[in-house]
Amino acid sequence: MSEFLSLHAAVAGLVRPGDTVALEGFTHLIPFAAGHEVIRQGIGELTLIRMTPDLLYDQMIGCGLAKRLVFSWGGNPGVGSLHRLRDAVERGWPRPIELEEHSHAAMAHAYAAGAANMPAAFFRGYLGSDLAAVNPNVRFIDCPFTGEQLAAVPALRPDVAIVHAQKADREGNVLLEGIVGVQKEAVLAARRSLVTVEEVVNALPRTSPNAVVLPSWTVTAIAVAPGGAKPSYAHGYYARDNAFYVAWDAISRDRGTFQAWIGEHVLSRSAEVAS
Amino acid sequence: MSEFLSLHAAVAGLVRPGDTVALEGFTHLIPFAAGHEVIRQGIGELTLIRMTPDLLYDQMIGCGLAKRLVFSWGGNPGVGSLHRLRDAVERGWPRPIELEEHSHAAMAHAYAAGAANMPAAFFRGYLGSDLAAVNPNVRFIDCPFTGEQLAAVPALRPDVAIVHAQKADREGNVLLEGIVGVQKEAVLAARRSLVTVEEVVNALPRTSPNAVVLPSWTVTAIAVAPGGAKPSYAHGYYARDNAFYVAWDAISRDRGTFQAWIGEHVLSRSAEVAS
Amino acid sequence: MTWTSVEMMTVTAARALTDDDVCFVGIGLPSAACNLARLTHAPRLRLVYESGTIETRPDVLPLSIGDGELCETALTTVSVPEMFQYWLQGGRITIGFLGGAQVDRFGNLNSTVIGDYARPQVRLPGGGGAPEIAACCRRIFIVMRHSRRAFVDRLAFLTTLGHGPTGQERRALGLTTEGPALLVSDLCIMRPHPETKELQVTSLHPGVTRDRVVEETGWPVAFSGVVVETPAPTARELEVLRDLHARTAAAHGVPAE
Amino acid sequence: MTWTSVEMMTVTAARALTDDDVCFVGIGLPSAACNLARLTHAPRLRLVYESGTIETRPDVLPLSIGDGELCETALTTVSVPEMFQYWLQGGRITIGFLGGAQVDRFGNLNSTVIGDYARPQVRLPGGGGAPEIAACCRRIFIVMRHSRRAFVDRLAFLTTLGHGPTGQERRALGLTTEGPALLVSDLCIMRPHPETKELQVTSLHPGVTRDRVVEETGWPVAFSGVVVETPAPTARELEVLRDLHARTAAAHGVPAE
């Protein structure tokens, strides 16, 4: 059964130094509040997993928490590069970072394979791409019926998956609505999982018999964090702060301004006040 | 774009002798009306595919339309055997029938692989079961990362998939709600597809952003057939006629009573009057 | 109080379930046992049906695993591919209920054919979800009526792996799940020997003698060192079970089982 | 009327889309081109975004492929695994838009690194969906600004397969999809030679000379037998495009592109 905890207690209890951690969100419902709490608690030596690392990962990498990144597209969507990520990869600041680079299709399949307790995922991928040559975790098999060559990637099984969702009910069941990305798969694939939610309701609304729901027995901990996805957005609650995404380019471009921003907007805030 | 046709025209246009046809429904939304139209038009030499062949397949097999059945559990749920199926398998009446037998997990994966345009599906299956020995379409591969032996089955790609759904809108988009089984996968895996619906509405209700919807460009034809799932049920429309499922045991046990029932309830009715 | 052998089986199977279990429910008796447990000692027991309904709380017993009521009372309903991929194979089910036309001493099951596969005397419904339920659920409970016809020395066909033909194949295959941990029949309770994995009688239902079990078993059945008597169904258990069946009969317009 | 080179590219790309197309839409210029087409000559054009939104009809351009408006106006939104399995790999997408930091004469693309992979001068965002978009969409439209820096003789890294390093590898791999069928830059339109698959200039945008294209291309660029002039943007096209960008700027509080 999922346990209701403060954000501080949940992060402290679930995320350990050296863990592989997936804070997933495909542009929607990105768990910024939880990620900032990981920064505040300085939990380092992490392998960060994320299909589309954006500002939150730029911040965690810029704070030196990550020794390795497993990803498929790292950028500030519609704006440009992630300067802290590039600084780490190109100049090893604040520390060198290893990359395991995949395609979106590979990581989406790998999360699904993890949720299905499979050792690997199989799909038609990496055809003619150099990505297969630079990533030992891309291999190929021959279809036993047609002989077609298919790509194989290891299943993703994070130690911890952290996602943000709209609602949890009193029993700890979680409702995700809108662009749900790979959040369900990440939670089901992980050993431990934290879901931050906008609100707790008596019973989940019965919008559709096929709504995307994570039963309480598939989630380790739930923390209430209204606004916990900002500057990303929460379908039905608040819009995406596109202006901040644009502003981040300048903030993150210089190491000093980045560190000052982190100091003011993350380190000096408590977990319960959403950034 | 999907085309609105009469049930008669849709079946005549889409289902050809010798086709592989999947009339899917996991106890819910079973396309009885369409199946009865196939019987009325006497389209034979079919390879029927269905995870859970129940009364409708008992009727089609009893009418001699099927030369082959691909399935994973054939019975009258909670009641007993399918007598027409057993008569065909055990005594070759009205004609012998070949079987390709799988497990539910295998067929569910195989439909998903078909929808994903994969040549085969891979999963942890058939461990220690004789089913693998009697079905040449069950093979094994070694995981390229862990060496674990995994089962492989060919993807299911029916010539025609026929399903029943609650609603279509004027543009031909289809909404499925409740126990959706493998219906979406069967339609997406098939070359041609027919969806019979309870009703056509101006716009699909926006119950949830993640409702199960088949866009018009993934469906070949739509026929309006209120009650088209009876005696199965349609979530939100009518309940399952459990009494008939029980009564079918006696009706189907004897060849004569079966043929009489087919004559009265199927052959002598027109497509547009739901059985 | 008097009770039927089916009621005895249902009550006994229900008692083996706990608040922390997540059950993959087949139709028939297992469905009754799970719902009885949920309505008595294990209110937080979670039921998952193969049709995709997750954590469903039916008020009447479904005639099939896809009845409407399952969906209406479920937390949500997922597609069948997702059910087999993320939920069953994902290892989230603690108890899988299985039965079959035949069972052998190591809990292997046959629900495919009696006689030769190519030209069977009896063509059975088939394995359905069983082969993967047996592999992926943490533990398997077998529930079957006890008869020589069903409890056989050699299966006509091994549809669903228990502990394997010699009791050791399951482990040899590297499966990390337990396999058959309990068999409940209308005569007795059986559990696998820790090493040989052969099912042994550990409890006899009230009024059932050892000879009766020997008589109804197609292999030289073993009895564990200590054989107890299965506690009789309590008044409450029977009352809840009979209400459940009565509501079901009324809802389905079919004779109560 | 005057127009910018970005407007020229957007209008030209939009014209290549038809009512029957299903487009896998990336962010930026492709998104503008698809929505322009949908709002002008191809109202039934269907837009699918990588984030899972199917047949979405945004009124403003999304800044990212996961903007809220995409979901609100979509027919439905599926998970990202399903998007890549059933919709992209399922072969339901007719047009995939791609771009990159570098493109070569056979339409292969680099969006991974400039310099050595292990110690790159520039670490680019990565391939994202591109490698599988290139393989699974029926046709690929490349949309990129024309410069020697981007139109290179040899890629630093082949992230996304076009027709292959020599133009023949795609076919040799047995791919049944067409690959790059059109390249629209701010200077010209290019299409692959039927046999060699080398991209050739088939149309020059108004005011653009052959020399300009030669000057801005890092390989000895070929011109097809007949080279036409790309029709200038019409007043209607520019009006609809500029309204779209204005609405977007207002909605996102960001300067129009």
# chains A, B, ... in the order shown; residues from 1 in each chain; ligands from 1

$ select_by_dssp --residues "stretch 60-246 of chain C" --states "helix (DSSP H, G or I)" --output "short mmCIF file (atom, residue, chain, number, x, y, z; two decimals) with all heavy atoms, in the first residue's frame"
data_model
loop_
_atom_site.label_atom_id
_atom_site.label_comp_id
_atom_site.auth_asym_id
_atom_site.auth_seq_id
_atom_site.Cartn_x
_atom_site.Cartn_y
_atom_site.Cartn_z
N GLY C 68 -19.93 -7.46 -16.95
CA GLY C 68 -20.02 -6.01 -16.84
C GLY C 68 -19.71 -5.51 -15.44
O GLY C 68 -19.02 -4.50 -15.25
N GLU C 69 -20.18 -6.21 -14.44
CA GLU C 69 -20.06 -5.73 -13.05
C GLU C 69 -18.60 -5.61 -12.65
O GLU C 69 -18.23 -4.77 -11.84
CB GLU C 69 -20.79 -6.73 -12.14
CG GLU C 69 -21.64 -6.07 -11.07
CD GLU C 69 -21.28 -6.62 -9.68
OE1 GLU C 69 -20.77 -7.76 -9.62
OE2 GLU C 69 -21.46 -5.89 -8.69
N LEU C 70 -17.76 -6.44 -13.24
CA LEU C 70 -16.33 -6.39 -12.89
C LEU C 70 -15.76 -5.04 -13.29
O LEU C 70 -15.01 -4.41 -12.55
CB LEU C 70 -15.59 -7.53 -13.60
CG LEU C 70 -15.98 -8.95 -13.16
CD1 LEU C 70 -15.23 -9.97 -14.00
CD2 LEU C 70 -15.72 -9.14 -11.68
N CYS C 71 -16.14 -4.59 -14.46
CA CYS C 71 -15.60 -3.33 -14.95
C CYS C 71 -16.17 -2.16 -14.15
O CYS C 71 -15.46 -1.25 -13.75
CB CYS C 71 -15.96 -3.17 -16.43
SG CYS C 71 -15.47 -1.61 -17.14
N GLU C 72 -17.48 -2.24 -13.88
CA GLU C 72 -18.12 -1.11 -13.19
C GLU C 72 -17.54 -0.89 -11.80
O GLU C 72 -17.43 0.24 -11.34
CB GLU C 72 -19.64 -1.34 -13.08
CG GLU C 72 -20.41 -0.87 -14.33
CD GLU C 72 -21.40 -1.93 -14.81
OE1 GLU C 72 -21.95 -2.65 -13.94
OE2 GLU C 72 -21.59 -2.07 -16.04
N VAL C 80 -6.26 -6.20 -22.55
CA VAL C 80 -5.78 -7.56 -22.25
C VAL C 80 -4.27 -7.68 -22.48
O VAL C 80 -3.56 -8.25 -21.66
CB VAL C 80 -6.59 -8.59 -23.06
CG1 VAL C 80 -5.85 -9.92 -23.21
CG2 VAL C 80 -7.95 -8.81 -22.37
N PRO C 81 -3.71 -7.10 -23.57
CA PRO C 81 -2.24 -7.16 -23.69
C PRO C 81 -1.55 -6.54 -22.46
O PRO C 81 -0.61 -7.13 -21.91
CB PRO C 81 -1.95 -6.35 -24.96
CG PRO C 81 -3.17 -6.52 -25.81
CD PRO C 81 -4.31 -6.51 -24.80
N GLU C 82 -2.05 -5.39 -21.98
CA GLU C 82 -1.40 -4.77 -20.82
C GLU C 82 -1.56 -5.65 -19.58
O GLU C 82 -0.63 -5.80 -18.78
CB GLU C 82 -1.98 -3.37 -20.52
CG GLU C 82 -1.33 -2.77 -19.26
CD GLU C 82 -1.81 -1.40 -18.89
OE1 GLU C 82 -2.08 -0.58 -19.81
OE2 GLU C 82 -1.94 -1.13 -17.67
N MET C 83 -2.76 -6.29 -19.45
CA MET C 83 -2.96 -7.16 -18.29
C MET C 83 -1.86 -8.22 -18.28
O MET C 83 -1.21 -8.43 -17.28
CB MET C 83 -4.35 -7.80 -18.35
CG MET C 83 -4.62 -8.87 -17.31
SD MET C 83 -4.28 -8.37 -15.61
CE MET C 83 -5.65 -7.23 -15.35
N PHE C 84 -1.62 -8.90 -19.41
CA PHE C 84 -0.63 -9.99 -19.42
C PHE C 84 0.80 -9.47 -19.36
O PHE C 84 1.68 -10.13 -18.83
CB PHE C 84 -0.87 -10.88 -20.66
CG PHE C 84 -2.04 -11.83 -20.47
CD1 PHE C 84 -3.32 -11.49 -20.90
CD2 PHE C 84 -1.85 -13.04 -19.82
CE1 PHE C 84 -4.40 -12.34 -20.68
CE2 PHE C 84 -2.92 -13.90 -19.61
CZ PHE C 84 -4.20 -13.55 -20.04
N GLN C 85 1.04 -8.25 -19.88
CA GLN C 85 2.43 -7.74 -19.89
C GLN C 85 2.79 -7.11 -18.54
O GLN C 85 3.71 -7.54 -17.86
CB GLN C 85 2.58 -6.72 -21.03
CG GLN C 85 2.46 -7.35 -22.43
CD GLN C 85 2.30 -6.32 -23.54
OE1 GLN C 85 1.95 -5.16 -23.30
NE2 GLN C 85 2.54 -6.72 -24.78
N TYR C 86 2.06 -6.05 -18.14
CA TYR C 86 2.47 -5.28 -16.95
C TYR C 86 2.01 -5.91 -15.64
O TYR C 86 2.64 -5.71 -14.61
CB TYR C 86 1.89 -3.85 -17.01
CG TYR C 86 2.44 -2.96 -18.10
CD1 TYR C 86 1.91 -1.68 -18.27
CD2 TYR C 86 3.45 -3.38 -18.97
CE1 TYR C 86 2.37 -0.84 -19.28
CE2 TYR C 86 3.91 -2.53 -19.98
CZ TYR C 86 3.37 -1.27 -20.13
OH TYR C 86 3.83 -0.44 -21.12
N TRP C 87 0.90 -6.62 -15.63
CA TRP C 87 0.32 -7.02 -14.35
C TRP C 87 0.65 -8.48 -14.02
O TRP C 87 1.23 -8.76 -12.97
CB TRP C 87 -1.21 -6.73 -14.34
CG TRP C 87 -1.42 -5.27 -14.59
CD1 TRP C 87 -1.59 -4.65 -15.80
CD2 TRP C 87 -1.36 -4.20 -13.61
NE1 TRP C 87 -1.65 -3.28 -15.64
CE2 TRP C 87 -1.53 -2.98 -14.32
CE3 TRP C 87 -1.21 -4.16 -12.22
CZ2 TRP C 87 -1.52 -1.73 -13.67
CZ3 TRP C 87 -1.21 -2.93 -11.58
CH2 TRP C 87 -1.37 -1.74 -12.30
N LEU C 88 0.38 -9.40 -14.98
CA LEU C 88 0.71 -10.80 -14.72
C LEU C 88 2.22 -11.01 -14.86
O LEU C 88 2.90 -11.35 -13.88
CB LEU C 88 -0.05 -11.73 -15.70
CG LEU C 88 0.19 -13.22 -15.47
CD1 LEU C 88 -0.28 -13.64 -14.06
CD2 LEU C 88 -0.54 -14.05 -16.52
N ALA C 130 -3.63 -19.97 -18.11
CA ALA C 130 -2.96 -20.81 -17.11
C ALA C 130 -1.45 -20.94 -17.26
O ALA C 130 -0.72 -20.75 -16.29
CB ALA C 130 -3.63 -22.18 -17.05
N PRO C 131 -0.93 -21.27 -18.47
CA PRO C 131 0.53 -21.50 -18.54
C PRO C 131 1.34 -20.31 -18.00
O PRO C 131 2.33 -20.50 -17.30
CB PRO C 131 0.77 -21.72 -20.04
CG PRO C 131 -0.54 -22.22 -20.56
CD PRO C 131 -1.58 -21.48 -19.78
N GLU C 132 0.89 -19.09 -18.29
CA GLU C 132 1.67 -17.94 -17.81
C GLU C 132 1.26 -17.54 -16.39
O GLU C 132 2.06 -16.97 -15.64
CB GLU C 132 1.52 -16.75 -18.78
CG GLU C 132 2.41 -16.89 -20.03
CD GLU C 132 1.95 -18.02 -20.97
OE1 GLU C 132 0.72 -18.22 -21.13
OE2 GLU C 132 2.83 -18.75 -21.50
N ILE C 133 0.00 -17.85 -16.01
CA ILE C 133 -0.38 -17.59 -14.60
C ILE C 133 0.53 -18.44 -13.70
O ILE C 133 1.10 -17.98 -12.72
CB ILE C 133 -1.87 -17.96 -14.39
CG1 ILE C 133 -2.76 -16.92 -15.10
CG2 ILE C 133 -2.20 -18.05 -12.91
CD1 ILE C 133 -4.24 -17.29 -15.14
N ALA C 134 0.70 -19.71 -14.12
CA ALA C 134 1.51 -20.64 -13.31
C ALA C 134 2.95 -20.16 -13.19
O ALA C 134 3.59 -20.33 -12.16
CB ALA C 134 1.48 -22.02 -13.95
N ALA C 135 3.45 -19.52 -14.24
CA ALA C 135 4.86 -19.11 -14.22
C ALA C 135 5.04 -17.78 -13.48
O ALA C 135 6.06 -17.59 -12.82
CB ALA C 135 5.39 -18.96 -15.65
N CYS C 136 4.06 -16.89 -13.59
CA CYS C 136 4.28 -15.49 -13.16
C CYS C 136 3.70 -15.12 -11.80
O CYS C 136 4.18 -14.17 -11.17
CB CYS C 136 3.71 -14.53 -14.22
SG CYS C 136 4.47 -14.73 -15.86
N GLU C 169 11.63 -29.91 -12.29
CA GLU C 169 11.85 -29.14 -13.54
C GLU C 169 11.60 -27.64 -13.33
O GLU C 169 12.28 -26.80 -13.92
CB GLU C 169 10.94 -29.66 -14.66
CG GLU C 169 11.33 -31.02 -15.21
CD GLU C 169 10.89 -32.17 -14.31
OE1 GLU C 169 10.28 -31.91 -13.23
OE2 GLU C 169 11.19 -33.33 -14.65
N ARG C 170 10.62 -27.29 -12.50
CA ARG C 170 10.32 -25.86 -12.31
C ARG C 170 11.57 -25.11 -11.86
O ARG C 170 11.96 -24.10 -12.44
CB ARG C 170 9.20 -25.69 -11.26
CG ARG C 170 8.76 -24.24 -11.12
CD ARG C 170 7.74 -24.00 -10.05
NE ARG C 170 7.23 -22.64 -10.20
CZ ARG C 170 6.17 -22.32 -10.95
NH1 ARG C 170 5.51 -23.28 -11.60
NH2 ARG C 170 5.77 -21.07 -11.09
N ARG C 171 12.20 -25.68 -10.80
CA ARG C 171 13.40 -25.02 -10.28
C ARG C 171 14.48 -25.00 -11.35
O ARG C 171 15.14 -23.99 -11.58
CB ARG C 171 13.88 -25.81 -9.04
CG ARG C 171 14.35 -24.89 -7.91
CD ARG C 171 14.98 -25.67 -6.77
NE ARG C 171 14.32 -26.97 -6.56
CZ ARG C 171 14.02 -27.46 -5.35
NH1 ARG C 171 14.27 -26.73 -4.27
NH2 ARG C 171 13.47 -28.66 -5.23
N ALA C 172 14.58 -26.13 -12.09
CA ALA C 172 15.64 -26.23 -13.11
C ALA C 172 15.45 -25.17 -14.19
O ALA C 172 16.41 -24.67 -14.78
CB ALA C 172 15.61 -27.62 -13.74
N ARG C 210 -9.01 -41.17 5.46
CA ARG C 210 -7.82 -41.35 4.62
C ARG C 210 -8.16 -42.29 3.45
O ARG C 210 -7.79 -42.02 2.30
CB ARG C 210 -6.69 -41.97 5.43
CG ARG C 210 -6.06 -41.00 6.45
CD ARG C 210 -4.80 -41.60 7.07
NE ARG C 210 -4.22 -40.65 8.03
CZ ARG C 210 -2.90 -40.36 8.11
NH1 ARG C 210 -2.05 -40.96 7.28
NH2 ARG C 210 -2.43 -39.48 8.99
N ASP C 211 -8.89 -43.37 3.77
CA ASP C 211 -9.19 -44.34 2.70
C ASP C 211 -9.93 -43.66 1.54
O ASP C 211 -9.68 -43.90 0.38
CB ASP C 211 -10.05 -45.49 3.27
CG ASP C 211 -9.21 -46.35 4.23
OD1 ASP C 211 -7.97 -46.17 4.23
OD2 ASP C 211 -9.80 -47.17 4.97
N ARG C 212 -10.85 -42.78 1.92
CA ARG C 212 -11.65 -42.08 0.89
C ARG C 212 -10.71 -41.34 -0.06
O ARG C 212 -10.85 -41.37 -1.29
CB ARG C 212 -12.61 -41.10 1.60
CG ARG C 212 -13.47 -40.29 0.67
CD ARG C 212 -14.75 -41.01 0.28
NE ARG C 212 -15.43 -40.28 -0.82
CZ ARG C 212 -16.00 -39.07 -0.67
NH1 ARG C 212 -15.97 -38.44 0.51
NH2 ARG C 212 -16.57 -38.49 -1.70
N VAL C 213 -9.70 -40.66 0.52
CA VAL C 213 -8.75 -39.89 -0.31
C VAL C 213 -7.93 -40.84 -1.17
O VAL C 213 -7.77 -40.63 -2.38
CB VAL C 213 -7.81 -39.04 0.59
CG1 VAL C 213 -6.76 -38.34 -0.29
CG2 VAL C 213 -8.61 -38.00 1.38
N VAL C 214 -7.48 -41.95 -0.53
CA VAL C 214 -6.68 -42.93 -1.30
C VAL C 214 -7.51 -43.45 -2.47
O VAL C 214 -7.05 -43.51 -3.62
CB VAL C 214 -6.26 -44.10 -0.37
CG1 VAL C 214 -5.68 -45.24 -1.19
CG2 VAL C 214 -5.26 -43.60 0.68
N GLU C 215 -8.76 -43.71 -2.17
CA GLU C 215 -9.68 -44.29 -3.17
C GLU C 215 -9.87 -43.31 -4.34
O GLU C 215 -9.93 -43.71 -5.49
CB GLU C 215 -11.03 -44.50 -2.47
CG GLU C 215 -11.90 -45.62 -2.98
CD GLU C 215 -13.27 -45.48 -2.28
OE1 GLU C 215 -13.28 -45.62 -1.03
OE2 GLU C 215 -14.26 -45.14 -2.97
N ALA C 235 -20.82 -20.54 10.65
CA ALA C 235 -22.15 -20.06 10.25
C ALA C 235 -22.01 -18.80 9.40
O ALA C 235 -22.62 -18.65 8.34
CB ALA C 235 -22.99 -19.78 11.49
N ARG C 236 -21.09 -17.94 9.86
CA ARG C 236 -20.92 -16.65 9.14
C ARG C 236 -20.40 -16.90 7.72
O ARG C 236 -20.91 -16.33 6.75
CB ARG C 236 -19.93 -15.78 9.94
CG ARG C 236 -19.44 -14.53 9.21
CD ARG C 236 -19.50 -13.26 10.07
NE ARG C 236 -18.68 -12.19 9.49
CZ ARG C 236 -18.91 -11.63 8.31
NH1 ARG C 236 -19.88 -12.10 7.52
NH2 ARG C 236 -18.15 -10.64 7.86
N GLU C 237 -19.40 -17.77 7.62
CA GLU C 237 -18.84 -18.05 6.28
C GLU C 237 -19.95 -18.55 5.35
O GLU C 237 -20.09 -18.10 4.21
CB GLU C 237 -17.72 -19.10 6.39
CG GLU C 237 -16.40 -18.54 6.94
CD GLU C 237 -15.39 -19.65 7.28
OE1 GLU C 237 -15.82 -20.77 7.65
OE2 GLU C 237 -14.17 -19.39 7.16
N LEU C 238 -20.76 -19.48 5.85
CA LEU C 238 -21.82 -20.05 5.00
C LEU C 238 -22.87 -19.00 4.66
O LEU C 238 -23.35 -18.92 3.53
CB LEU C 238 -22.46 -21.25 5.72
CG LEU C 238 -21.57 -22.51 5.78
CD1 LEU C 238 -22.23 -23.57 6.66
CD2 LEU C 238 -21.31 -23.04 4.37
N GLU C 239 -23.16 -18.16 5.64
CA GLU C 239 -24.20 -17.13 5.43
C GLU C 239 -23.74 -16.17 4.32
O GLU C 239 -24.45 -15.92 3.35
CB GLU C 239 -24.42 -16.39 6.75
CG GLU C 239 -25.55 -15.37 6.74
CD GLU C 239 -25.32 -14.27 7.80
OE1 GLU C 239 -24.59 -14.56 8.80
OE2 GLU C 239 -25.81 -13.15 7.60
N VAL C 240 -22.50 -15.68 4.46
CA VAL C 240 -21.99 -14.71 3.47
C VAL C 240 -21.92 -15.38 2.09
O VAL C 240 -22.34 -14.80 1.07
CB VAL C 240 -20.58 -14.20 3.89
CG1 VAL C 240 -19.96 -13.35 2.77
CG2 VAL C 240 -20.68 -13.40 5.19
N LEU C 241 -21.45 -16.65 2.08
CA LEU C 241 -21.30 -17.35 0.79
C LEU C 241 -22.66 -17.57 0.14
O LEU C 241 -22.85 -17.33 -1.06
CB LEU C 241 -20.59 -18.70 1.03
CG LEU C 241 -20.33 -19.56 -0.23
CD1 LEU C 241 -19.50 -18.78 -1.27
CD2 LEU C 241 -19.59 -20.85 0.16
N ARG C 242 -23.64 -17.97 0.95
CA ARG C 242 -24.97 -18.27 0.38
C ARG C 242 -25.67 -17.00 -0.07
O ARG C 242 -26.33 -16.96 -1.11
CB ARG C 242 -25.79 -19.06 1.40
CG ARG C 242 -25.29 -20.50 1.53
CD ARG C 242 -25.86 -21.28 2.70
NE ARG C 242 -25.26 -22.64 2.74
CZ ARG C 242 -25.38 -23.49 3.76
NH1 ARG C 242 -26.11 -23.15 4.83
NH2 ARG C 242 -24.79 -24.68 3.73
N ASP C 243 -25.44 -15.90 0.68
CA ASP C 243 -25.99 -14.59 0.22
C ASP C 243 -25.40 -14.23 -1.14
O ASP C 243 -26.11 -13.81 -2.05
CB ASP C 243 -25.62 -13.48 1.23
CG ASP C 243 -26.58 -13.46 2.42
OD1 ASP C 243 -27.54 -14.26 2.37
OD2 ASP C 243 -26.34 -12.69 3.36
N LEU C 244 -24.09 -14.43 -1.21
CA LEU C 244 -23.38 -14.07 -2.45
C LEU C 244 -23.95 -14.85 -3.63
O LEU C 244 -24.28 -14.30 -4.68
CB LEU C 244 -21.88 -14.39 -2.26
CG LEU C 244 -20.91 -14.08 -3.41
CD1 LEU C 244 -20.96 -12.59 -3.78
CD2 LEU C 244 -19.47 -14.48 -3.00
N HIS C 245 -24.14 -16.16 -3.42
CA HIS C 245 -24.68 -17.00 -4.51
C HIS C 245 -26.13 -16.63 -4.80
O HIS C 245 -26.55 -16.60 -5.97
CB HIS C 245 -24.56 -18.49 -4.14
CG HIS C 245 -23.18 -19.05 -4.39
ND1 HIS C 245 -22.56 -18.97 -5.63
CD2 HIS C 245 -22.29 -19.67 -3.57
CE1 HIS C 245 -21.36 -19.53 -5.57
NE2 HIS C 245 -21.16 -19.96 -4.32
N ALA C 246 -26.87 -16.28 -3.76
CA ALA C 246 -28.29 -15.91 -3.98
C ALA C 246 -28.35 -14.63 -4.80
O ALA C 246 -29.08 -14.55 -5.81
CB ALA C 246 -28.96 -15.71 -2.62
#

$ residues_around --residues "A:Ala168" --least-positions-apart "3" --cutoff "8 Å" --atoms "only C-alpha atoms" --output "short mmCIF file (atom, residue, chain, number, x, y, z; two decimals) with N, CA, C and O atoms, in the first residue's frame"
data_model
loop_
_atom_site.label_atom_id
_atom_site.label_comp_id
_atom_site.auth_asym_id
_atom_site.auth_seq_id
_atom_site.Cartn_x
_atom_site.Cartn_y
_atom_site.Cartn_z
N ALA A 165 1.48 13.54 -10.51
CA ALA A 165 0.16 13.17 -11.04
C ALA A 165 -0.88 14.15 -10.49
O ALA A 165 -0.62 14.89 -9.55
N GLU A 171 -6.97 6.08 -0.31
CA GLU A 171 -6.31 4.77 -0.20
C GLU A 171 -4.94 4.77 -0.89
O GLU A 171 -4.22 3.78 -0.84
N GLY A 172 -4.62 5.90 -1.58
CA GLY A 172 -3.30 5.95 -2.22
C GLY A 172 -3.31 5.49 -3.66
O GLY A 172 -2.25 5.22 -4.25
N ASN A 173 -4.49 5.37 -4.27
CA ASN A 173 -4.54 5.11 -5.72
C ASN A 173 -4.31 6.44 -6.45
O ASN A 173 -4.75 7.49 -5.98
N VAL A 174 -3.64 6.38 -7.58
CA VAL A 174 -3.21 7.60 -8.28
C VAL A 174 -3.82 7.68 -9.69
O VAL A 174 -3.81 6.69 -10.43
N LEU A 175 -4.35 8.87 -10.02
CA LEU A 175 -4.90 9.11 -11.36
C LEU A 175 -3.97 10.03 -12.16
O LEU A 175 -3.58 11.10 -11.69
N VAL A 197 1.51 14.58 -5.91
CA VAL A 197 0.19 14.86 -6.49
C VAL A 197 -0.26 16.29 -6.20
O VAL A 197 0.17 16.91 -5.23
N GLU A 199 -3.44 17.03 -5.53
CA GLU A 199 -4.39 16.99 -4.41
C GLU A 199 -4.80 15.55 -4.08
O GLU A 199 -4.62 14.64 -4.91
N VAL A 200 -5.30 15.38 -2.85
CA VAL A 200 -5.86 14.10 -2.44
C VAL A 200 -7.38 14.25 -2.40
O VAL A 200 -7.90 15.25 -1.87
N VAL A 201 -8.09 13.32 -3.00
CA VAL A 201 -9.57 13.37 -3.03
C VAL A 201 -10.11 12.13 -2.34
O VAL A 201 -9.41 11.13 -2.17
N LEU A 204 -11.36 8.74 -6.56
CA LEU A 204 -10.95 9.24 -7.88
C LEU A 204 -12.21 9.42 -8.73
O LEU A 204 -13.12 8.59 -8.68
#

$ closest_residue --among "B:Gly263, B:Gly147, B:Asn202, B:Met1" --to "chain D" --atoms "only C-alpha atoms"
B:Met1

$ residues_around --residues "stretch 154-157 of chain B" --least-positions-apart "6" --cutoff "12 Å" --atoms "only C-alpha atoms" --output "ChimeraX atom specification"
/A:143-147 /B:19-22,47-51,70-71,100,102,106-123,135-140,182,185-193 /D:90

$ residues_around --residues "C:Leu29" --least-positions-apart "3" --cutoff "12 Å" --atoms "only C-alpha atoms" --output "JSON, numbers by chain"
{"B": [78], "C": [5, 6, 7, 8, 9, 10, 11, 12, 13, 14, 25, 26, 32, 33, 34, 35, 36, 61, 62, 63, 64, 97, 98, 99, 141, 142, 143, 144, 145, 184, 185, 186, 241, 245, 257]}

$ select_by_dssp --residues "stretch 11-234 of chain A" --states "strand (DSSP E or B)" --output "number ranges by chain"
A: 20-23, 28, 46-50, 66-71, 76, 80, 98-101, 120-123, 139-142, 149-154, 160-169, 174-176, 192-201, 212-214, 221-224, 233-234

$ residues_around --residues "B:Arg40" --least-positions-apart "3" --cutoff "10 Å" --atoms "only C-alpha atoms" --output "list in words"
His8, Ala34, Gly35, His36, Glu37, Ile43, Cys63, Ile262, Gly263, Val266, Leu267, Ser268, Arg269, Ser270 and Ala271 of chain B

$ residues_around --residues "stretch 222-229 of chain A" --least-positions-apart "3" --cutoff "8 Å" --atoms "only C-alpha atoms" --output "NGL selection string"
:A and (2-7 or 10 or 28-34 or 164 or 172 or 194-200 or 219 or 232-234 or 238 or 272 or 274-275)
